[in-house]
Amino acid sequence: MLLHIDSSADTAADSVSRRLTERFVRVWRERHATAPYRHRDLSADPVPPLTAAYATLGRRVESQGFVPPAQVPALIRSAAERREWDLTLPLITELLAADTVLLGVPMYNFSVPAALKAWIDRVTFPGAFTDPDTGESLLRDTRVIVVMARGGGYGPGTPRAAFDFQTPYLRAYFTQLGVTPDHLHLIAAELTRVDLQPRLAGLEDVAAASLATARETVTALAGEPRASSRLLQ
């Protein structure tokens, strides 16, 4: 299954990250016409922020060691905790079912959109992605493709390279979750607002080259053969 997540507040007409994820999906679906596909738009359908009940339930589950999602209901003690779990379980189920996860992530204030952070906070429930028998990550075979868009330039050697908290954060997060380095792909289109910001004048060719490279990389990754062996239950 392909799980496609967009987090840009813009529509596709104004969002580079959305256009790039659409490109990936178009190519992927041409090659996997019968494979399951899910699209989650975190801007149109936001994930609710965490509450105290989520934190309380999470601590109780964490104190039990590795508790698979199927056993969490037995530890719920209130209606508020039940509501939080009902909001959380579908997101965990989607992620576990996916062979490939595609995320469209614009840079907002040097990091990721709040809409994506809310999804990350909720889906990262204690023990949800750990095999209770082996302790290994259940996402070790999952391919994650993160398509990033930045209005300015934040690549190595640029004046604002140290301001890029987007790339290291997403790499650290998915690696910690158990996605292996060879299955994690982070693609960035830089200077996407070169046509709007006077201070970027003269960098049009650099911006065009960055976008072209991102398109080529996205297209190549979408065309890679990838078995769809996990289905939503």
# chains A, B, ... in the order shown; residues from 1 in each chain; ligands from 1
$ residues_around --residues "Val218 (chain A)" --least-positions-apart "5" --cutoff "9 Å" --atoms "only C-alpha atoms" --output "count of residues only"
9
$ residues_around --residues "Val27 (chain A)" --least-positions-apart "6" --cutoff "12 Å" --atoms "only C-alpha atoms" --output "list of chain:residue names"
A:Leu20, A:Thr21, A:Ala33, A:Arg215, A:Glu216, A:Thr217, A:Val218, A:Thr219, A:Ala220, A:Leu221, A:Ala222, A:Gly223, A:Glu224, A:Pro225
$ select_by_dssp --residues "region 115-215 of chain A" --states "alpha helix (DSSP H)" --output "PyMOL selection string"
chain A and resi 115-123+166-177+204-215
$ residues_around --residues "region 83-100 of chain A" --least-positions-apart "6" --cutoff "10 Å" --atoms "only C-alpha atoms" --output "PyMOL selection string"
chain A and resi 1-4+36-38+40+47-55+57-58+69-70+72-73+76+119-125+128-129+138-139+141-145+183+222+226-233
$ residues_around --residues "region 152-167 of chain A" --least-positions-apart "5" --cutoff "6 Å" --atoms "only C-alpha atoms" --output "count of residues only"
5
$ residues_around --residues "Pro106 (chain A)" --least-positions-apart "2" --cutoff "9 Å" --atoms "only C-alpha atoms" --output "ChimeraX atom specification"
/A:7-9,15-18,104,108,111-113,147-151,166
$ decode --residues "region 91-122 of chain A" --atoms "C-alpha atoms" --output "mmCIF file, in the first residue's frame"
data_model
loop_
_atom_site.group_PDB
_atom_site.id
_atom_site.type_symbol
_atom_site.label_atom_id
_atom_site.label_comp_id
_atom_site.auth_asym_id
_atom_site.auth_seq_id
_atom_site.Cartn_x
_atom_site.Cartn_y
_atom_site.Cartn_z
ATOM 1 C CA LEU A 91 -3.306 6.489 11.967
ATOM 2 C CA ILE A 92 -1.182 3.680 13.395
ATOM 3 C CA THR A 93 -3.059 1.113 11.308
ATOM 4 C CA GLU A 94 -2.474 3.102 8.105
ATOM 5 C CA LEU A 95 1.225 3.453 8.781
ATOM 6 C CA LEU A 96 1.703 -0.211 9.638
ATOM 7 C CA ALA A 97 -0.183 -1.240 6.481
ATOM 8 C CA ALA A 98 1.961 0.856 4.158
ATOM 9 C CA ASP A 99 4.825 -0.538 2.112
ATOM 10 C CA THR A 100 5.648 2.997 0.972
ATOM 11 C CA VAL A 101 4.963 6.230 2.837
ATOM 12 C CA LEU A 102 5.067 9.452 0.826
ATOM 13 C CA LEU A 103 5.112 12.783 2.658
ATOM 14 C CA GLY A 104 4.851 16.268 1.190
ATOM 15 C CA VAL A 105 6.545 18.646 3.626
ATOM 16 C CA PRO A 106 7.006 22.364 3.020
ATOM 17 C CA MET A 107 9.438 24.213 5.281
ATOM 18 C CA TYR A 108 7.600 26.481 7.710
ATOM 19 C CA ASN A 109 9.782 28.649 9.939
ATOM 20 C CA PHE A 110 12.830 26.442 9.355
ATOM 21 C CA SER A 111 11.025 23.215 10.314
ATOM 22 C CA VAL A 112 7.884 21.186 9.497
ATOM 23 C CA PRO A 113 4.244 22.365 9.426
ATOM 24 C CA ALA A 114 2.277 22.112 12.665
ATOM 25 C CA ALA A 115 -0.197 19.871 10.819
ATOM 26 C CA LEU A 116 2.515 17.274 10.243
ATOM 27 C CA LYS A 117 3.872 17.611 13.777
ATOM 28 C CA ALA A 118 0.388 16.868 15.130
ATOM 29 C CA TRP A 119 0.290 13.659 13.046
ATOM 30 C CA ILE A 120 3.766 12.689 14.237
ATOM 31 C CA ASP A 121 2.892 13.325 17.890
ATOM 32 C CA ARG A 122 -0.278 11.253 17.721
#
